[in-house]
Every structure is written in C-alpha cells, then in structure tokens.
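Enquirer: Structure in structure tokens, see below.
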Amino acid sequence: MGSPSVPGLSARDEAVLAVESRSWQGPGPKERAIREQLGISPTRYYQLLNALLDDPQALAHAPVTVNRLRRVRDARRARR
C-alpha cells in the first residue's frame with residue numbers, strides 16, 4: 001500500500017493518505033477514525049487531503065489513491 005516513507009512527506013501526511021486508501025462503509029466510521037487516529041477534525045482532514053493531491057511527493061507515496069482522488073476532484077469541478 002504505497003511506497004516506504006518518502007523524503008519530505010510528513011508522518012501525518014502519510015497517515016492521511018493511509019486513511020484515505022482504506023475502504024469505508026460510510027462516513028461515520030471514517031470520521032471516527034480521522035478523529036481517533038489522526039487527532040484532527042474531518043474538516044481539517046479534507047483540507048490536508050486536498051493539498052496533498054497537488055503534492056508530487058504524495059503522488060510518489062500513494063499513486064493509486066492520489067490519482068483516484070484527482071479524478072474525483074476533476075469530475076466535480078467539471079460538473080460545476
């Protein structure tokens with residue numbers, strides 16, 4: 001699941017990508033995991049995640065996850 005630690009990518013960034021790469025049954029368990037595992041609010045989590053989508057180091061660490069999320073983001077932007 002992603003490459004080993006990438007220089008320049010913080011442990012928190014790697015943890016955000018790890019949470020996002022998991023499969024979730026709904027928003028409740030994911031939001032609980034965000035609060036418990038990362039110690040941040042879901043709003044802050046999504047702010048960090050969105051910034052990671054444009055980070056080449058994040059792409060190198062978790063290419064499948066980052067590319068999937070970029071496609072979702074681009075599709076949402078296209079609908080607006």
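A note on labels: chains of the structure tokens are A, B, ... as shown, every chain counts residues from 1, and ligands are counted from 1 in their shown order.
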As a VMD selection string, which residues of chain A does DSSP assign to helix (DSSP H, G or I)?
Expert: chain A and resid 11 to 21 27 to 38 42 to 52 56 to 61 63 to 79
Enquirer: Within 10 Å of Asp54 of chain A, counting only C-alpha atoms, which residues show up once you throw out same-chain ones fewer than 5 positions away? Write them as a list in words, please.
Expert: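 Contacts, with the query itself left out: Leu49, Leu59, Val66 and Arg70 of chain A.
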Enquirer: Can I get the selected residues back with N, CA, C and O atoms, as a PDB file, in the first residue's frame?
Expert:
ATOM      1  N   LEU A  49      -5.931  16.698   2.915  1.00  0.00           N
ATOM      2  CA  LEU A  49      -6.008  15.758   1.807  1.00  0.00           C
ATOM      3  C   LEU A  49      -6.035  16.477   0.469  1.00  0.00           C
ATOM      4  O   LEU A  49      -5.322  16.103  -0.467  1.00  0.00           O
ATOM      5  N   LEU A  59       1.994  11.868  -4.519  1.00  0.00           N
ATOM      6  CA  LEU A  59       1.783  11.023  -5.700  1.00  0.00           C
ATOM      7  C   LEU A  59       2.798   9.880  -5.727  1.00  0.00           C
ATOM      8  O   LEU A  59       2.446   8.738  -6.022  1.00  0.00           O
ATOM      9  N   VAL A  66      -3.906   8.842  -4.842  1.00  0.00           N
ATOM     10  CA  VAL A  66      -3.854  10.241  -5.299  1.00  0.00           C
ATOM     11  C   VAL A  66      -4.490  10.380  -6.681  1.00  0.00           C
ATOM     12  O   VAL A  66      -5.286  11.296  -6.909  1.00  0.00           O
ATOM     13  N   ARG A  70      -7.758  12.589  -7.556  1.00  0.00           N
ATOM     14  CA  ARG A  70      -7.660  13.652  -8.570  1.00  0.00           C
ATOM     15  C   ARG A  70      -8.772  13.516  -9.602  1.00  0.00           C
ATOM     16  O   ARG A  70      -9.369  14.509 -10.021  1.00  0.00           O
TER      17      ARG A  70
END
Enquirer: Determine the nearest neighbour of Leu53 of chain A from the options A:Arg35, A:Arg71, A:Arg79, A:Arg22, counting only C-alpha atoms.
Expert: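 Among the listed residues, A:Arg71 lies closest to Leu53 of chain A.
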Enquirer: Residues at most 12 Å from Lys30 of chain A, counting only C-alpha atoms, excluding those fewer than 3 positions away in the same chain, as a list in words?
Expert: Val16, Ala18, Val19, Glu20, Ser21, Arg22, Ser23, Trp24, Gln25, Gly26, Pro27, Ala33, Ile34, Arg35, Glu36, Gln37, Leu38, Ser41, Pro42, Tyr45 and Tyr46 of chain A
Enquirer: For Asp55 of chain A, please output as a CSV table (one decimal) with C-alpha atoms, in the first residue's frame all residues within 12 Å (counting only C-alpha atoms; exclusion window: fewer than 4 positions along the same chain).
Expert:
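Final file, part_8.csv:
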chain,number,residue,atom,x,y,z
A,6,VAL,CA,9.0,9.5,1.0
A,8,GLY,CA,9.6,15.5,2.5
A,9,LEU,CA,6.3,13.8,3.3
A,10,SER,CA,5.4,14.1,7.0
A,13,ASP,CA,0.6,13.3,5.5
A,14,GLU,CA,1.4,9.6,5.2
A,17,LEU,CA,-3.2,9.0,2.7
A,48,LEU,CA,-4.9,18.4,4.2
A,49,LEU,CA,-6.0,15.8,1.8
A,50,ASN,CA,-6.9,18.3,-0.9
A,51,ALA,CA,-3.5,19.9,-0.5
A,59,LEU,CA,1.8,11.0,-5.7
A,60,ALA,CA,5.1,9.1,-5.3
A,61,HIS,CA,4.0,7.7,-2.0
A,62,ALA,CA,0.4,6.6,-2.9
A,63,PRO,CA,-0.1,6.9,-6.7
A,66,VAL,CA,-3.9,10.2,-5.3
A,67,ASN,CA,-4.8,9.6,-8.9
A,70,ARG,CA,-7.7,13.7,-8.6
Enquirer: Report, in Å to a single decimal, how far apart atom CA of Pro56 of chain A and atom CA of Ile40 of chain A are.
Expert: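 The value is 23.5 Å.
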Enquirer: What does the distance from atom CA of Gln57 of chain A to atom CA of Arg73 of chain A come to in Å, to one decimal?
Expert: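 Computing the Euclidean distance for atom CA of Gln57 of chain A and atom CA of Arg73 of chain A yields 18.5 Å.
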Enquirer: Atom CA of Gly39 of chain A and atom CA of Arg76 of chain A are how many Å apart?
Expert: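 Separating atom CA of Gly39 of chain A from atom CA of Arg76 of chain A is a distance of 28.0 Å.
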